[in-house]
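Engineer: Provided below: query-v1.txt, containing compact mmCIF, N, CA and C atoms.
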# COMPACT_ATOMS: atom_id res chain seq x y z
N MET A 1 -0.38 1.07 -11.41
CA MET A 1 -0.31 2.25 -10.58
C MET A 1 0.16 1.85 -9.18
N THR A 2 0.97 2.67 -8.60
CA THR A 2 1.48 2.42 -7.25
C THR A 2 1.27 3.66 -6.40
N LEU A 3 1.33 3.47 -5.09
CA LEU A 3 1.28 4.58 -4.16
C LEU A 3 2.72 5.03 -3.93
N ASP A 4 3.00 6.29 -4.19
CA ASP A 4 4.35 6.83 -4.01
C ASP A 4 4.36 7.74 -2.78
N VAL A 5 5.30 7.46 -1.88
CA VAL A 5 5.46 8.27 -0.67
C VAL A 5 6.89 8.78 -0.66
N SER A 6 7.04 10.06 -0.43
CA SER A 6 8.35 10.66 -0.40
C SER A 6 8.68 11.09 1.04
N THR A 7 9.83 10.65 1.53
CA THR A 7 10.30 11.05 2.85
C THR A 7 11.69 11.67 2.70
N HIS A 8 12.21 12.19 3.78
CA HIS A 8 13.54 12.78 3.69
C HIS A 8 14.62 11.70 3.57
N TYR A 9 14.25 10.42 3.78
CA TYR A 9 15.18 9.31 3.59
C TYR A 9 15.19 8.81 2.15
N GLY A 10 14.10 9.08 1.41
CA GLY A 10 14.01 8.62 0.04
C GLY A 10 12.57 8.36 -0.38
N GLU A 11 12.44 7.60 -1.44
CA GLU A 11 11.13 7.30 -2.00
C GLU A 11 10.64 5.92 -1.58
N ILE A 12 9.33 5.79 -1.37
CA ILE A 12 8.71 4.51 -1.05
C ILE A 12 7.60 4.27 -2.07
N GLU A 13 7.63 3.10 -2.70
CA GLU A 13 6.57 2.72 -3.63
C GLU A 13 5.84 1.52 -3.07
N VAL A 14 4.51 1.63 -2.97
CA VAL A 14 3.67 0.54 -2.48
C VAL A 14 2.77 0.13 -3.65
N SER A 15 2.90 -1.11 -4.10
CA SER A 15 2.12 -1.56 -5.26
C SER A 15 0.67 -1.82 -4.88
N ASN A 16 -0.19 -1.85 -5.89
CA ASN A 16 -1.60 -2.14 -5.67
C ASN A 16 -1.81 -3.54 -5.12
N GLU A 17 -0.93 -4.46 -5.47
CA GLU A 17 -1.01 -5.83 -4.96
C GLU A 17 -0.82 -5.85 -3.44
N VAL A 18 0.09 -5.04 -2.94
CA VAL A 18 0.32 -4.94 -1.49
C VAL A 18 -0.89 -4.30 -0.81
N ILE A 19 -1.42 -3.25 -1.40
CA ILE A 19 -2.61 -2.59 -0.85
C ILE A 19 -3.78 -3.57 -0.81
N ALA A 20 -3.94 -4.36 -1.87
CA ALA A 20 -5.01 -5.35 -1.92
C ALA A 20 -4.83 -6.42 -0.86
N THR A 21 -3.60 -6.86 -0.64
CA THR A 21 -3.33 -7.87 0.38
C THR A 21 -3.63 -7.32 1.78
N ILE A 22 -3.22 -6.11 2.06
CA ILE A 22 -3.50 -5.48 3.36
C ILE A 22 -5.01 -5.37 3.56
N ALA A 23 -5.73 -4.95 2.53
CA ALA A 23 -7.18 -4.83 2.63
C ALA A 23 -7.83 -6.19 2.88
N GLY A 24 -7.35 -7.24 2.20
CA GLY A 24 -7.89 -8.57 2.38
C GLY A 24 -7.66 -9.13 3.77
N VAL A 25 -6.46 -8.93 4.30
CA VAL A 25 -6.13 -9.40 5.65
C VAL A 25 -6.95 -8.64 6.69
N ALA A 26 -7.11 -7.33 6.49
CA ALA A 26 -7.91 -6.52 7.42
C ALA A 26 -9.36 -6.99 7.41
N ALA A 27 -9.89 -7.28 6.25
CA ALA A 27 -11.28 -7.72 6.13
C ALA A 27 -11.50 -9.05 6.84
N MET A 28 -10.52 -9.94 6.77
CA MET A 28 -10.66 -11.26 7.38
C MET A 28 -10.78 -11.20 8.89
N ASP A 29 -10.43 -10.08 9.52
CA ASP A 29 -10.58 -9.90 10.96
C ASP A 29 -12.03 -9.61 11.35
N CYS A 30 -12.87 -9.32 10.39
CA CYS A 30 -14.25 -8.94 10.68
C CYS A 30 -15.12 -10.16 10.97
N TYR A 31 -15.94 -10.03 12.00
CA TYR A 31 -16.87 -11.10 12.36
C TYR A 31 -17.90 -11.29 11.25
N GLY A 32 -18.20 -12.52 10.94
CA GLY A 32 -19.22 -12.82 9.94
C GLY A 32 -18.68 -13.01 8.54
N LEU A 33 -17.41 -12.72 8.34
CA LEU A 33 -16.80 -12.90 7.02
C LEU A 33 -16.17 -14.28 6.95
N VAL A 34 -16.61 -15.08 5.99
CA VAL A 34 -16.06 -16.42 5.82
C VAL A 34 -14.78 -16.36 5.01
N GLY A 35 -14.75 -15.52 4.00
CA GLY A 35 -13.56 -15.40 3.17
C GLY A 35 -13.79 -14.47 2.00
N MET A 36 -12.77 -14.39 1.18
CA MET A 36 -12.83 -13.57 -0.03
C MET A 36 -13.23 -14.45 -1.20
N ALA A 37 -13.92 -13.85 -2.16
CA ALA A 37 -14.33 -14.56 -3.36
C ALA A 37 -13.52 -14.04 -4.53
N SER A 38 -13.37 -14.87 -5.53
CA SER A 38 -12.64 -14.48 -6.73
C SER A 38 -13.40 -13.37 -7.45
N ARG A 39 -12.66 -12.42 -8.03
CA ARG A 39 -13.29 -11.34 -8.80
C ARG A 39 -13.85 -11.84 -10.12
N SER A 40 -13.38 -12.99 -10.57
CA SER A 40 -13.87 -13.52 -11.84
C SER A 40 -15.33 -13.93 -11.69
N GLN A 41 -15.98 -14.14 -12.80
CA GLN A 41 -17.40 -14.48 -12.79
C GLN A 41 -17.65 -15.76 -12.00
N LEU A 42 -18.83 -15.81 -11.45
CA LEU A 42 -19.24 -17.02 -10.74
C LEU A 42 -19.32 -18.19 -11.71
N LYS A 43 -18.86 -19.33 -11.27
CA LYS A 43 -18.91 -20.53 -12.11
C LYS A 43 -20.05 -21.40 -11.60
N ASP A 44 -21.04 -21.66 -12.44
CA ASP A 44 -22.19 -22.47 -12.10
C ASP A 44 -22.91 -21.94 -10.86
N GLY A 45 -22.89 -20.64 -10.64
CA GLY A 45 -23.60 -20.04 -9.53
C GLY A 45 -22.94 -20.23 -8.18
N ILE A 46 -21.72 -20.73 -8.15
CA ILE A 46 -21.01 -20.97 -6.89
C ILE A 46 -19.77 -20.08 -6.84
N ALA A 47 -19.68 -19.28 -5.78
CA ALA A 47 -18.52 -18.41 -5.62
C ALA A 47 -17.34 -19.23 -5.11
N GLU A 48 -16.18 -18.98 -5.69
CA GLU A 48 -14.96 -19.67 -5.28
C GLU A 48 -14.39 -19.00 -4.03
N LEU A 49 -14.25 -19.77 -2.96
CA LEU A 49 -13.69 -19.26 -1.72
C LEU A 49 -12.17 -19.30 -1.83
N LEU A 50 -11.54 -18.14 -1.66
CA LEU A 50 -10.08 -18.05 -1.79
C LEU A 50 -9.40 -18.36 -0.47
N GLY A 51 -8.24 -18.99 -0.55
CA GLY A 51 -7.45 -19.28 0.65
C GLY A 51 -6.72 -18.04 1.12
N ARG A 52 -6.12 -18.13 2.29
CA ARG A 52 -5.42 -16.98 2.88
C ARG A 52 -4.29 -16.46 2.00
N GLU A 53 -3.67 -17.34 1.22
CA GLU A 53 -2.55 -16.90 0.38
C GLU A 53 -3.03 -16.15 -0.86
N ASN A 54 -4.33 -16.18 -1.15
CA ASN A 54 -4.87 -15.53 -2.35
C ASN A 54 -5.87 -14.43 -2.03
N LEU A 55 -5.78 -13.83 -0.86
CA LEU A 55 -6.76 -12.82 -0.46
C LEU A 55 -6.84 -11.64 -1.42
N SER A 56 -5.72 -11.27 -2.00
CA SER A 56 -5.71 -10.09 -2.87
C SER A 56 -6.48 -10.32 -4.17
N LYS A 57 -6.74 -11.58 -4.53
CA LYS A 57 -7.49 -11.84 -5.76
C LYS A 57 -8.95 -11.48 -5.63
N GLY A 58 -9.43 -11.28 -4.42
CA GLY A 58 -10.81 -10.85 -4.21
C GLY A 58 -10.93 -9.35 -4.02
N VAL A 59 -9.82 -8.63 -4.24
CA VAL A 59 -9.79 -7.19 -4.01
C VAL A 59 -9.28 -6.49 -5.27
N GLU A 60 -9.94 -5.42 -5.64
CA GLU A 60 -9.49 -4.60 -6.77
C GLU A 60 -9.23 -3.19 -6.27
N VAL A 61 -8.04 -2.68 -6.53
CA VAL A 61 -7.65 -1.33 -6.12
C VAL A 61 -7.55 -0.48 -7.39
N ARG A 62 -8.21 0.67 -7.37
CA ARG A 62 -8.15 1.54 -8.54
C ARG A 62 -8.29 3.01 -8.13
N GLU A 63 -7.86 3.86 -9.02
CA GLU A 63 -7.97 5.30 -8.79
C GLU A 63 -9.02 5.86 -9.73
N GLU A 64 -10.02 6.52 -9.16
CA GLU A 64 -11.09 7.15 -9.93
C GLU A 64 -11.08 8.64 -9.63
N GLN A 65 -10.83 9.45 -10.62
CA GLN A 65 -10.85 10.91 -10.49
C GLN A 65 -9.99 11.40 -9.33
N GLY A 66 -8.79 10.83 -9.21
CA GLY A 66 -7.85 11.24 -8.19
C GLY A 66 -8.11 10.69 -6.80
N GLU A 67 -9.12 9.84 -6.65
CA GLU A 67 -9.43 9.24 -5.35
C GLU A 67 -9.26 7.73 -5.42
N MET A 68 -8.79 7.14 -4.33
CA MET A 68 -8.56 5.70 -4.28
C MET A 68 -9.85 4.99 -3.91
N GLU A 69 -10.20 3.97 -4.72
CA GLU A 69 -11.38 3.14 -4.45
C GLU A 69 -10.96 1.69 -4.40
N ILE A 70 -11.64 0.94 -3.53
CA ILE A 70 -11.35 -0.48 -3.38
C ILE A 70 -12.64 -1.26 -3.53
N ASP A 71 -12.63 -2.28 -4.37
CA ASP A 71 -13.75 -3.20 -4.52
C ASP A 71 -13.37 -4.50 -3.85
N MET A 72 -14.26 -5.00 -2.97
CA MET A 72 -14.01 -6.24 -2.25
C MET A 72 -15.13 -7.22 -2.55
N HIS A 73 -14.75 -8.43 -2.93
CA HIS A 73 -15.71 -9.49 -3.22
C HIS A 73 -15.62 -10.49 -2.07
N ILE A 74 -16.70 -10.60 -1.30
CA ILE A 74 -16.65 -11.38 -0.07
C ILE A 74 -17.70 -12.48 -0.03
N ILE A 75 -17.49 -13.41 0.90
CA ILE A 75 -18.46 -14.45 1.22
C ILE A 75 -18.73 -14.34 2.71
N VAL A 76 -20.02 -14.21 3.07
CA VAL A 76 -20.38 -14.02 4.48
C VAL A 76 -20.92 -15.32 5.06
N GLY A 77 -20.93 -15.37 6.38
CA GLY A 77 -21.44 -16.54 7.08
C GLY A 77 -22.95 -16.51 7.18
N TYR A 78 -23.54 -17.68 7.05
CA TYR A 78 -24.98 -17.81 7.15
C TYR A 78 -25.43 -17.40 8.55
N GLY A 79 -26.51 -16.61 8.63
CA GLY A 79 -27.05 -16.20 9.92
C GLY A 79 -26.55 -14.85 10.39
N THR A 80 -25.62 -14.25 9.67
CA THR A 80 -25.13 -12.93 10.05
C THR A 80 -25.88 -11.87 9.25
N LYS A 81 -25.94 -10.68 9.79
CA LYS A 81 -26.60 -9.58 9.10
C LYS A 81 -25.63 -9.03 8.05
N ILE A 82 -25.98 -9.23 6.81
CA ILE A 82 -25.06 -8.91 5.71
C ILE A 82 -24.67 -7.43 5.71
N SER A 83 -25.61 -6.55 5.98
CA SER A 83 -25.30 -5.11 5.96
C SER A 83 -24.29 -4.75 7.05
N GLU A 84 -24.38 -5.40 8.21
CA GLU A 84 -23.42 -5.14 9.29
C GLU A 84 -22.04 -5.66 8.95
N VAL A 85 -21.99 -6.86 8.37
CA VAL A 85 -20.70 -7.42 7.98
C VAL A 85 -20.04 -6.50 6.95
N ALA A 86 -20.80 -6.07 5.95
CA ALA A 86 -20.26 -5.19 4.90
C ALA A 86 -19.78 -3.87 5.49
N HIS A 87 -20.55 -3.29 6.41
CA HIS A 87 -20.16 -2.02 7.03
C HIS A 87 -18.88 -2.20 7.84
N ASN A 88 -18.78 -3.30 8.58
CA ASN A 88 -17.57 -3.57 9.36
C ASN A 88 -16.36 -3.74 8.46
N VAL A 89 -16.53 -4.41 7.34
CA VAL A 89 -15.43 -4.59 6.38
C VAL A 89 -14.99 -3.23 5.86
N GLN A 90 -15.94 -2.38 5.47
CA GLN A 90 -15.61 -1.06 4.96
C GLN A 90 -14.81 -0.25 5.99
N SER A 91 -15.30 -0.23 7.22
CA SER A 91 -14.64 0.54 8.28
C SER A 91 -13.24 0.01 8.57
N LYS A 92 -13.13 -1.30 8.71
CA LYS A 92 -11.84 -1.92 9.06
C LYS A 92 -10.80 -1.70 7.96
N VAL A 93 -11.20 -1.84 6.71
CA VAL A 93 -10.27 -1.68 5.59
C VAL A 93 -9.80 -0.23 5.50
N LYS A 94 -10.73 0.73 5.61
CA LYS A 94 -10.35 2.14 5.54
C LYS A 94 -9.39 2.50 6.69
N TYR A 95 -9.71 2.05 7.89
CA TYR A 95 -8.87 2.35 9.06
C TYR A 95 -7.48 1.72 8.92
N THR A 96 -7.43 0.46 8.54
CA THR A 96 -6.16 -0.25 8.45
C THR A 96 -5.25 0.35 7.39
N LEU A 97 -5.79 0.68 6.22
CA LEU A 97 -4.97 1.28 5.18
C LEU A 97 -4.48 2.67 5.58
N ASP A 98 -5.30 3.41 6.31
CA ASP A 98 -4.87 4.72 6.78
C ASP A 98 -3.74 4.58 7.79
N GLN A 99 -3.84 3.62 8.71
CA GLN A 99 -2.83 3.44 9.75
C GLN A 99 -1.53 2.83 9.22
N MET A 100 -1.63 1.84 8.35
CA MET A 100 -0.43 1.12 7.89
C MET A 100 0.31 1.83 6.77
N VAL A 101 -0.45 2.41 5.85
CA VAL A 101 0.18 2.96 4.64
C VAL A 101 0.01 4.48 4.56
N GLY A 102 -0.91 5.03 5.34
CA GLY A 102 -1.20 6.45 5.23
C GLY A 102 -2.06 6.75 4.02
N LEU A 103 -2.81 5.75 3.57
CA LEU A 103 -3.63 5.88 2.37
C LEU A 103 -5.06 6.24 2.74
N LYS A 104 -5.54 7.35 2.23
CA LYS A 104 -6.92 7.76 2.45
C LYS A 104 -7.77 7.17 1.33
N VAL A 105 -8.63 6.23 1.69
CA VAL A 105 -9.49 5.56 0.72
C VAL A 105 -10.83 6.28 0.70
N SER A 106 -11.29 6.68 -0.47
CA SER A 106 -12.56 7.40 -0.55
C SER A 106 -13.75 6.45 -0.47
N ARG A 107 -13.62 5.25 -1.08
CA ARG A 107 -14.74 4.31 -1.09
C ARG A 107 -14.23 2.88 -0.98
N VAL A 108 -14.96 2.08 -0.22
CA VAL A 108 -14.74 0.64 -0.18
C VAL A 108 -16.07 0.01 -0.59
N ASN A 109 -16.11 -0.50 -1.82
CA ASN A 109 -17.32 -1.12 -2.35
C ASN A 109 -17.28 -2.61 -2.04
N VAL A 110 -18.34 -3.12 -1.42
CA VAL A 110 -18.40 -4.51 -1.02
C VAL A 110 -19.42 -5.24 -1.89
N PHE A 111 -18.98 -6.33 -2.50
CA PHE A 111 -19.85 -7.17 -3.32
C PHE A 111 -19.94 -8.53 -2.65
N VAL A 112 -21.12 -8.87 -2.16
CA VAL A 112 -21.32 -10.15 -1.49
C VAL A 112 -21.56 -11.19 -2.57
N GLN A 113 -20.63 -12.12 -2.72
CA GLN A 113 -20.67 -13.13 -3.77
C GLN A 113 -21.34 -14.42 -3.32
N GLY A 114 -21.49 -14.60 -1.99
CA GLY A 114 -22.11 -15.83 -1.53
C GLY A 114 -22.29 -15.84 -0.02
N VAL A 115 -23.03 -16.86 0.43
CA VAL A 115 -23.26 -17.10 1.84
C VAL A 115 -22.90 -18.55 2.11
N ARG A 116 -22.13 -18.79 3.16
CA ARG A 116 -21.70 -20.14 3.50
C ARG A 116 -22.01 -20.44 4.96
N LEU A 117 -22.23 -21.70 5.24
CA LEU A 117 -22.34 -22.15 6.62
C LEU A 117 -20.96 -22.08 7.27
N VAL A 118 -20.93 -21.59 8.49
CA VAL A 118 -19.65 -21.50 9.20
C VAL A 118 -19.53 -22.74 10.07
N SER A 119 -18.45 -23.47 9.89
CA SER A 119 -18.24 -24.69 10.69
C SER A 119 -17.89 -24.30 12.12
N GLU A 120 -18.44 -25.02 13.08
CA GLU A 120 -18.22 -24.73 14.50
C GLU A 120 -17.13 -25.64 15.04
N GLU A 121 -15.91 -25.51 14.57
CA GLU A 121 -14.80 -26.36 15.01
C GLU A 121 -14.03 -25.72 16.11
Rewrite the structure from the file as structure tokens, please.

Structural biologist:
Amino acid sequence: MTLDVSTHYGEIEVSNEVIATIAGVAAMDCYGLVGMASRSQLKDGIAELLGRENLSKGVEVREEQGEMEIDMHIIVGYGTKISEVAHNVQSKVKYTLDQMVGLKVSRVNVFVQGVRLVSEE
């Protein structure tokens, strides 16, 4: 499924992979977020931290009953308030997708897959 936008210049198609990448990059701007986790099952109880080039693998974009929903699998930093980090991710992703693509997202579901120590470099 893709997002189709029609203008007087022609048609624009935005794939779900692009939407997922935009959502992943927007989420990475949030304080307390260490990175994205793989959507696949946890291996040995350890969430796989994805690199910047694979941010979209931690994001699932789908349409439910005519509304766009996004699932984000994240890893937060130790010592941060998880509910605040999740709320910031939800707000930032919804705002960014609205501004960049004109996409109204009905829900951003956040799944915290792990907690990591943040290196102070």

Engineer: Just checking: using all atoms listed in the file, which residue out of A:Gln99, A:Ser38, A:Ser15, A:Gln90 ends up closest to Lys57 in chain A?

Structural biologist: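 Smallest distance to Lys57 in chain A is found for A:Ser38.
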
Engineer: Please indicate the distance in Å from atom C of Val108 in chain A to atom C of Ile70 in chain A, rounded to one decimal place.

Structural biologist: 4.7 Å

Engineer: Could you tell me how far CA of Val105 in chain A sits from CA of Lys81 in chain A, in Å to one decimal place?

Structural biologist: 24.3 Å

Engineer: Which residues come within 5 Å of range 110-114 of chain A, counting only N, CA and C atoms, excluding same-chain residues fewer than 2 positions away, as an NGL selection string?

Structural biologist: :A and (72-76 or 108 or 116)

Engineer: Please list, as a list in words, the residues that have an atom at most 10 Å away from (-13.0, -4.5, -0.1) in the coordinates of this file, counting only C-alpha atoms.

Structural biologist: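 The residues that fall inside the cut-off are Ala20, Ala23, Gly24, Ala26, Ala27, Met36, Ser56, Gly58, Val59, Glu60, Val61, Glu69, Ile70, Asp71, Met72, His73, Ile74, Ala86, Val89, Gln90, Ser91, Lys92, Val93, Lys94, Arg107, Val108, Asn109, Val110 and Phe111 of chain A.
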
Engineer: One number please: CA of Val115 in chain A to CA of Gly32 in chain A, in Å, one decimal.

Structural biologist: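 CA of Gly32 in chain A lies 10.0 Å from CA of Val115 in chain A.
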
Engineer: Tell me, which residues of chain A carry DSSP helix (DSSP H, G or I), written as a PyMOL selection string?

Structural biologist: chain A and resi 16-28+52-58+82-101

Engineer: From chain A, collect each residue whose DSSP state is strand (DSSP E or B) and return the set as JSON, numbers by chain.

Structural biologist: {"A": [2, 3, 4, 5, 6, 7, 10, 11, 12, 13, 14, 15, 33, 34, 35, 36, 37, 43, 46, 49, 59, 60, 61, 62, 63, 64, 67, 68, 69, 70, 71, 72, 73, 74, 75, 76, 77, 105, 106, 107, 108, 109, 110, 111, 112, 113, 114, 115, 116]}

Engineer: Using all atoms listed in the file, which residues sit within 8 Å of Ile12 in chain A once same-chain residues fewer than 4 positions away are excluded, as JSON, numbers by chain?

Structural biologist: {"A": [2, 3, 4, 5, 6, 7]}
